[in-house]
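Read the structure below first, then the notes.
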Amino acid sequence: MPNSRLITLTTDFGVADHYVGAMKGVIHSINPDARIVDICNSVQSFDVLDGALAIEQAYSYFPSDTVHVVIVDPGVGSARRPILAVTGRHLFLAPDNGVLSFVFAREERLSVRHVTATHYFLQPVSQTFHGRDIFAAIAGHLSKGVAPEKIGDEITDFQRFAMPRPKQVTPGQIKGAIIKVDKFGNLITNLRLEDAPALAGAGPSNFQMTIGNQQVTKLVTSYSDGAANELLCLMGSMGYLEIATNRGSAARLCNAGRGTEFTLTLS
Amino acid sequence: MPNSRLITLTTDFGVADHYVGAMKGVIHSINPDARIVDICNSVQSFDVLDGALAIEQAYSYFPSDTVHVVIVDPGVGSARRPILAVTGRHLFLAPDNGVLSFVFAREERLSVRHVTATHYFLQPVSQTFHGRDIFAAIAGHLSKGVAPEKIGDEITDFQRFAMPRPKQVTPGQIKGAIIKVDKFGNLITNLRLEDAPALAGAGPSNFQMTIGNQQVTKLVTSYSDGAANELLCLMGSMGYLEIATNRGSAARLCNAGRGTEFTLTLS
Amino acid sequence: MPNSRLITLTTDFGVADHYVGAMKGVIHSINPDARIVDICNSVQSFDVLDGALAIEQAYSYFPSDTVHVVIVDPGVGSARRPILAVTGRHLFLAPDNGVLSFVFAREERLSVRHVTATHYFLQPVSQTFHGRDIFAAIAGHLSKGVAPEKIGDEITDFQRFAMPRPKQVTPGQIKGAIIKVDKFGNLITNLRLEDAPALAGAGPSNFQMTIGNQQVTKLVTSYSDGAANELLCLMGSMGYLEIATNRGSAARLCNAGRGTEFTLTLS
């Protein structure tokens, strides 16, 4: 077994600048044995919900004791606190702006600390790049086995928000919204099977999704279950209903994006 | 020597979502010592030819016993099989859709297996993300030394396709097509030196390439052998004739892209 | 401690092609224990200044004895030399085109060698991809501990350029230019605090920045110190004055980009 905690990065720093590289340098300088895995550094800029989804969808696949660094931080340099969250299996470093909300929602055991161990920070701490000066530095020390209690005191008033849920508007009719467009142009809705259990037995005669001026009547199980340019719905690997099309972009076909509303009718 | 096979990733999952991160989590959970190298996760979406080119161009530079995971998989969840190919030096995990065709074309020793070792899969297996639930899981186990015979039975009816080759249309005249536009805007043609051996001795007096409404008459050996906005041809590092321009995008100058046809005249 | 020098990559090869993957394969084949960190592979194509900034901003955070591979190389295959620079703490491999200029400017101890150890190169050496055939191969050997003296003889006539500096045009008025737009749309200027020491005490009554047809009068310390669509100036983490806006793109608000000029008035 490696003698060092794995570190993951989920940020909106992008891949075209030096930001992620500088963070990795800081980590390797503190822990020459560090092992760092990029989950995603192209979270939509400033988009805390998008970052919250990315870490929610990936963290549980990592080994116990992984340190997940999650930075979508439009409030960097303001009064918002850096936090360290410890769940039953993992550690999370993030700004206290709700970016860990969906992790918190899934975890029963949870303690959150305000990161105040300034002796571990890079000095001087810039006001605009805590990813490098605070989070990477603390992650490097945590990866070497520093105990969470050494990072700061426990707090209970940390930020969290709920995923906006779909709403039942009439019997058999639910309104929701697109929460993500992925690289393929799949439209990820905020609807889980628990929001519409009748979906499990739905078929073409009683299923209809309306989005923009498009209708989707085909409920399938894989992306290839449709003709070219035909819109499809399926329960996707993220646990949400998706609107997709075989080898194409549903986002383009529907002219839809993050925030676009949809209506699902199960008659 | 590391006691674990290196794993590479070549996928169309992109860098802006959690997909590749989740795969890496699965691999590290199975093999905490795993070493993972991204070859390219931005293969054109659904584009099996583009993925086939990416892995063909990179795999042979890796050490013996590397496990290459290649996922461009528009048929995920359909009847298409996951396969494990073993060549003289490397292992390859991919959907059975031809994405390994150019590897197969270069390798003399080759055995291909249908991946059926479901006890290694993540459970439940989603119908839309076999990269995570099947391929990453099998790669993790292979990296720990599991033998290919344990992964599934050998098959011979796997998919493969041939690269579309240029055609001699008249003596001295060859028609071909652009198979790739790279990040710099270089237009990679499907023409190898063996398709036009006379290229080796060609010069400005007897070389002419026509693409769209552009003529290229300069055959050079490096990208810098031309003036600004001057189109150039050269035998590139991929082994194909390229159309390029010094510090600029030939794709933009020619208004050309993947699939654009060209005519080469060697008089 | 790992028994192998860390390798970093800073290139304009992008993330959508096989180029970086092939380089990593070469390195791992030479040194199976290699540890490779991407600083940034999406430097603007052919843009030596952009590459020079990326490596300047990241290298010093890495541990001693790191081998930094920096490839923005529009002159590949021409007479330009490959070089190995050794500073007090790090090693750098790059084409001799000035891409290490800002590293050189920061380092007092510096020796530069012409890379001529052809027995370490991949053979045959292509004329268009020295990243793979020369730089990755040499980096692999350096990571195993090969001494710089074995790579080639010292030279003194290597290329370097100075960052274009802002100019004082009248007392209290300075003209400069945007040197980089980052992923967030922040406009990085070429102005350091030493170019305008009065900035340290400047406030809304005596600070004005003009860029395009926009005026910026707010000098702040963090990105969140402004309303939506309000333009801000701050000293950023790169050490340069930046034009920014809270949770948005200053580049879009100003319709400005790399090279756009600005005027700073401190009255």
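Just so we're on the same page: first chain in the structure tokens is A, next is B, and so on; residues restart at 1 for each chain, and ligands are numbered from 1 in the order they show up.
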Any chance you could list, as a ChimeraX atom specification, the residues in range 105-237 of chain A that come up strand (DSSP E) when DSSP is run on the backbone?
/A:110-114,154-155,167-170,173-181,187-189,207-211,214-216,231-235
Proximal residues of chain A relative to chain C (only C-alpha atoms; 7 Å) as number ranges by chain
A: 13-18, 20-22, 25-26, 28-29, 32-33, 45-46, 74-78, 126-129
Would you pick out the contacts of Glu261 in chain B at 9 Å or less, using only C-alpha atoms, so that residues sharing its chain but fewer than 2 positions from it are not included, and give the list as a PDB file with all heavy atoms, in the first residue's frame?
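The resulting file, part15.pdb, is shown below:
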```pdb
ATOM      1  N   LYS B 175      -6.236  11.026 -55.515  1.00  0.00           N
ATOM      2  CA  LYS B 175      -7.242  11.714 -54.699  1.00  0.00           C
ATOM      3  C   LYS B 175      -7.290  11.067 -53.318  1.00  0.00           C
ATOM      4  O   LYS B 175      -7.273   9.848 -53.190  1.00  0.00           O
ATOM      5  CB  LYS B 175      -8.634  11.606 -55.344  1.00  0.00           C
ATOM      6  CG  LYS B 175      -8.915  12.641 -56.410  1.00  0.00           C
ATOM      7  CD  LYS B 175     -10.374  12.543 -56.857  1.00  0.00           C
ATOM      8  CE  LYS B 175     -10.639  13.386 -58.098  1.00  0.00           C
ATOM      9  NZ  LYS B 175     -10.576  14.843 -57.851  1.00  0.00           N
ATOM     10  N   GLY B 176      -7.372  11.899 -52.302  1.00  0.00           N
ATOM     11  CA  GLY B 176      -7.484  11.396 -50.937  1.00  0.00           C
ATOM     12  C   GLY B 176      -8.329  12.335 -50.106  1.00  0.00           C
ATOM     13  O   GLY B 176      -9.050  13.180 -50.649  1.00  0.00           O
ATOM     14  N   ALA B 177      -8.236  12.200 -48.796  1.00  0.00           N
ATOM     15  CA  ALA B 177      -9.088  13.009 -47.917  1.00  0.00           C
ATOM     16  C   ALA B 177      -8.359  13.359 -46.623  1.00  0.00           C
ATOM     17  O   ALA B 177      -7.394  12.697 -46.232  1.00  0.00           O
ATOM     18  CB  ALA B 177     -10.371  12.255 -47.596  1.00  0.00           C
ATOM     19  N   ILE B 178      -8.852  14.398 -45.978  1.00  0.00           N
ATOM     20  CA  ILE B 178      -8.332  14.813 -44.675  1.00  0.00           C
ATOM     21  C   ILE B 178      -8.927  13.889 -43.611  1.00  0.00           C
ATOM     22  O   ILE B 178     -10.140  13.725 -43.536  1.00  0.00           O
ATOM     23  CB  ILE B 178      -8.727  16.276 -44.376  1.00  0.00           C
ATOM     24  CG1 ILE B 178      -8.209  17.209 -45.470  1.00  0.00           C
ATOM     25  CG2 ILE B 178      -8.225  16.701 -42.991  1.00  0.00           C
ATOM     26  CD1 ILE B 178      -6.719  17.137 -45.738  1.00  0.00           C
ATOM     27  N   THR B 189      -3.611  14.351 -43.966  1.00  0.00           N
ATOM     28  CA  THR B 189      -4.246  13.596 -45.051  1.00  0.00           C
ATOM     29  C   THR B 189      -4.104  12.090 -44.788  1.00  0.00           C
ATOM     30  O   THR B 189      -3.392  11.677 -43.876  1.00  0.00           O
ATOM     31  CB  THR B 189      -3.590  13.889 -46.412  1.00  0.00           C
ATOM     32  OG1 THR B 189      -2.327  13.197 -46.459  1.00  0.00           O
ATOM     33  CG2 THR B 189      -3.363  15.380 -46.615  1.00  0.00           C
ATOM     34  N   THR B 210      -4.173  20.185 -54.650  1.00  0.00           N
ATOM     35  CA  THR B 210      -5.363  21.048 -54.709  1.00  0.00           C
ATOM     36  C   THR B 210      -6.322  20.643 -53.601  1.00  0.00           C
ATOM     37  O   THR B 210      -6.646  19.462 -53.449  1.00  0.00           O
ATOM     38  CB  THR B 210      -6.072  20.897 -56.075  1.00  0.00           C
ATOM     39  OG1 THR B 210      -5.133  21.171 -57.104  1.00  0.00           O
ATOM     40  CG2 THR B 210      -7.249  21.867 -56.185  1.00  0.00           C
ATOM     41  N   ILE B 211      -6.749  21.617 -52.828  1.00  0.00           N
ATOM     42  CA  ILE B 211      -7.736  21.351 -51.777  1.00  0.00           C
ATOM     43  C   ILE B 211      -8.682  22.546 -51.737  1.00  0.00           C
ATOM     44  O   ILE B 211      -8.245  23.692 -51.610  1.00  0.00           O
ATOM     45  CB  ILE B 211      -7.073  21.072 -50.410  1.00  0.00           C
ATOM     46  CG1 ILE B 211      -8.140  20.790 -49.351  1.00  0.00           C
ATOM     47  CG2 ILE B 211      -6.109  22.149 -49.990  1.00  0.00           C
ATOM     48  CD1 ILE B 211      -7.609  20.116 -48.097  1.00  0.00           C
ATOM     49  N   GLY B 212      -9.980  22.276 -51.867  1.00  0.00           N
ATOM     50  CA  GLY B 212     -10.941  23.375 -51.995  1.00  0.00           C
ATOM     51  C   GLY B 212     -10.518  24.243 -53.160  1.00  0.00           C
ATOM     52  O   GLY B 212     -10.152  23.732 -54.229  1.00  0.00           O
ATOM     53  N   ALA B 256     -11.028  24.011 -44.685  1.00  0.00           N
ATOM     54  CA  ALA B 256     -11.153  22.558 -44.828  1.00  0.00           C
ATOM     55  C   ALA B 256     -11.225  21.892 -43.466  1.00  0.00           C
ATOM     56  O   ALA B 256     -10.863  22.497 -42.449  1.00  0.00           O
ATOM     57  CB  ALA B 256      -9.955  22.005 -45.592  1.00  0.00           C
ATOM     58  N   ARG B 258     -12.061  17.670 -41.407  1.00  0.00           N
ATOM     59  CA  ARG B 258     -12.160  16.229 -41.530  1.00  0.00           C
ATOM     60  C   ARG B 258     -13.087  15.863 -42.691  1.00  0.00           C
ATOM     61  O   ARG B 258     -14.206  16.351 -42.770  1.00  0.00           O
ATOM     62  CB  ARG B 258     -12.733  15.711 -40.207  1.00  0.00           C
ATOM     63  CG  ARG B 258     -13.221  14.314 -40.204  1.00  0.00           C
ATOM     64  CD  ARG B 258     -12.080  13.324 -40.063  1.00  0.00           C
ATOM     65  NE  ARG B 258     -12.666  11.993 -39.963  1.00  0.00           N
ATOM     66  CZ  ARG B 258     -13.178  11.489 -38.861  1.00  0.00           C
ATOM     67  NH1 ARG B 258     -13.126  12.182 -37.732  1.00  0.00           N
ATOM     68  NH2 ARG B 258     -13.725  10.295 -38.875  1.00  0.00           N
ATOM     69  N   GLY B 259     -12.573  15.047 -43.615  1.00  0.00           N
ATOM     70  CA  GLY B 259     -13.381  14.589 -44.741  1.00  0.00           C
ATOM     71  C   GLY B 259     -13.194  15.378 -46.012  1.00  0.00           C
ATOM     72  O   GLY B 259     -13.538  14.899 -47.098  1.00  0.00           O
ATOM     73  N   THR B 263      -6.603  16.636 -54.143  1.00  0.00           N
ATOM     74  CA  THR B 263      -6.005  15.978 -55.304  1.00  0.00           C
ATOM     75  C   THR B 263      -4.523  16.323 -55.333  1.00  0.00           C
ATOM     76  O   THR B 263      -4.150  17.498 -55.224  1.00  0.00           O
ATOM     77  CB  THR B 263      -6.653  16.463 -56.615  1.00  0.00           C
ATOM     78  OG1 THR B 263      -8.057  16.248 -56.533  1.00  0.00           O
ATOM     79  CG2 THR B 263      -6.086  15.700 -57.805  1.00  0.00           C
TER      80      THR B 263
END
```
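Residues with any atom within 6 Å of range 107-112 of chain B, counting only C-alpha atoms and excluding same-chain neighbours fewer than 4 positions away, are Leu84, Ala85, Val86, Thr87, Gly88, Glu154 and Ile155 of chain B.
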Go ahead and save the residues from that selection, with N, CA and C atoms, as a JSON list (two decimals), in the first residue's frame.
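The resulting part.json:
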```
[["chain", "number", "residue", "atom", "x", "y", "z"],
["B", 84, "LEU", "N", -10.83, -7.42, -24.98],
["B", 84, "LEU", "CA", -9.45, -7.27, -24.53],
["B", 84, "LEU", "C", -8.56, -7.82, -25.63],
["B", 85, "ALA", "N", -7.71, -6.98, -26.19],
["B", 85, "ALA", "CA", -6.79, -7.43, -27.23],
["B", 85, "ALA", "C", -5.39, -7.49, -26.64],
["B", 86, "VAL", "N", -4.68, -8.56, -26.94],
["B", 86, "VAL", "CA", -3.31, -8.71, -26.45],
["B", 86, "VAL", "C", -2.40, -8.85, -27.66],
["B", 87, "THR", "N", -1.45, -7.93, -27.78],
["B", 87, "THR", "CA", -0.47, -8.01, -28.87],
["B", 87, "THR", "C", 0.85, -8.50, -28.28],
["B", 88, "GLY", "N", 1.87, -8.50, -29.08],
["B", 88, "GLY", "CA", 3.16, -8.96, -28.58],
["B", 88, "GLY", "C", 3.61, -8.19, -27.34],
["B", 154, "GLU", "N", -11.41, -16.32, -26.04],
["B", 154, "GLU", "CA", -10.90, -15.73, -27.27],
["B", 154, "GLU", "C", -11.99, -15.73, -28.34],
["B", 155, "ILE", "N", -12.01, -14.70, -29.14],
["B", 155, "ILE", "CA", -12.95, -14.58, -30.26],
["B", 155, "ILE", "C", -12.16, -14.21, -31.52]]
```
Among range 56-239 of chain C, which ones does DSSP assign to alpha helix (DSSP H) (computed from the backbone)? Answer as JSON, numbers by chain.
{"C": [56, 57, 58, 101, 102, 103, 104, 105, 106, 130, 137, 138, 139, 140, 141, 142, 143]}
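Between CA of Asn255 in chain C and CA of Thr217 in chain C the separation is 17.5 Å.
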Can you list, as JSON, numbers by chain, every protein, DNA or RNA residue that comes within 8 Å of Asp73 in chain B when you count only C-alpha atoms, leaving out same-chain residues fewer than 5 positions away?
{"B": [46, 48, 95, 97]}
Residues near Pro171 in chain A, cut-off 9 Å, only C-alpha atoms, skip fewer than 5 positions along chain, as a list in words
Thr265, Leu266 and Ser267 of chain A
Write out as a list in words the residues lying within 8 Å of Ser101 in chain C, counting only C-alpha atoms and excluding same-chain residues fewer than 3 positions away.
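Using only C-alpha atoms, the neighbours found are Ala52, Gly98, Phe104, Ala105, Gln159, Arg160, Phe161 and Ala162 of chain C.
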With N, CA, C and O atoms kept, could you save the residues just selected as a PDB file, in the first residue's frame?
```
ATOM      1  N   ALA C  52       6.146  31.257 -22.082  1.00  0.00           N
ATOM      2  CA  ALA C  52       7.122  31.818 -21.136  1.00  0.00           C
ATOM      3  C   ALA C  52       6.436  32.231 -19.840  1.00  0.00           C
ATOM      4  O   ALA C  52       6.975  32.037 -18.743  1.00  0.00           O
ATOM      5  N   GLY C  98      13.625  31.579 -26.695  1.00  0.00           N
ATOM      6  CA  GLY C  98      13.241  32.594 -25.721  1.00  0.00           C
ATOM      7  C   GLY C  98      12.144  32.180 -24.768  1.00  0.00           C
ATOM      8  O   GLY C  98      11.781  32.931 -23.861  1.00  0.00           O
ATOM      9  N   PHE C 104      14.915  32.823 -16.914  1.00  0.00           N
ATOM     10  CA  PHE C 104      16.275  33.361 -16.880  1.00  0.00           C
ATOM     11  C   PHE C 104      16.310  34.671 -16.090  1.00  0.00           C
ATOM     12  O   PHE C 104      17.249  34.935 -15.331  1.00  0.00           O
ATOM     13  N   ALA C 105      15.281  35.502 -16.286  1.00  0.00           N
ATOM     14  CA  ALA C 105      15.260  36.814 -15.630  1.00  0.00           C
ATOM     15  C   ALA C 105      15.171  36.694 -14.117  1.00  0.00           C
ATOM     16  O   ALA C 105      15.579  37.595 -13.389  1.00  0.00           O
ATOM     17  N   GLN C 159      18.901  32.414 -26.834  1.00  0.00           N
ATOM     18  CA  GLN C 159      17.907  33.478 -27.051  1.00  0.00           C
ATOM     19  C   GLN C 159      17.236  33.880 -25.746  1.00  0.00           C
ATOM     20  O   GLN C 159      16.923  33.027 -24.917  1.00  0.00           O
ATOM     21  N   ARG C 160      16.986  35.152 -25.598  1.00  0.00           N
ATOM     22  CA  ARG C 160      16.138  35.625 -24.506  1.00  0.00           C
ATOM     23  C   ARG C 160      15.522  36.955 -24.918  1.00  0.00           C
ATOM     24  O   ARG C 160      16.094  37.703 -25.687  1.00  0.00           O
ATOM     25  N   PHE C 161      14.331  37.196 -24.425  1.00  0.00           N
ATOM     26  CA  PHE C 161      13.704  38.491 -24.722  1.00  0.00           C
ATOM     27  C   PHE C 161      13.174  39.053 -23.415  1.00  0.00           C
ATOM     28  O   PHE C 161      12.986  38.329 -22.432  1.00  0.00           O
ATOM     29  N   ALA C 162      12.922  40.340 -23.397  1.00  0.00           N
ATOM     30  CA  ALA C 162      12.391  40.990 -22.204  1.00  0.00           C
ATOM     31  C   ALA C 162      10.882  41.129 -22.364  1.00  0.00           C
ATOM     32  O   ALA C 162      10.374  41.314 -23.463  1.00  0.00           O
TER      33      ALA C 162
END
```
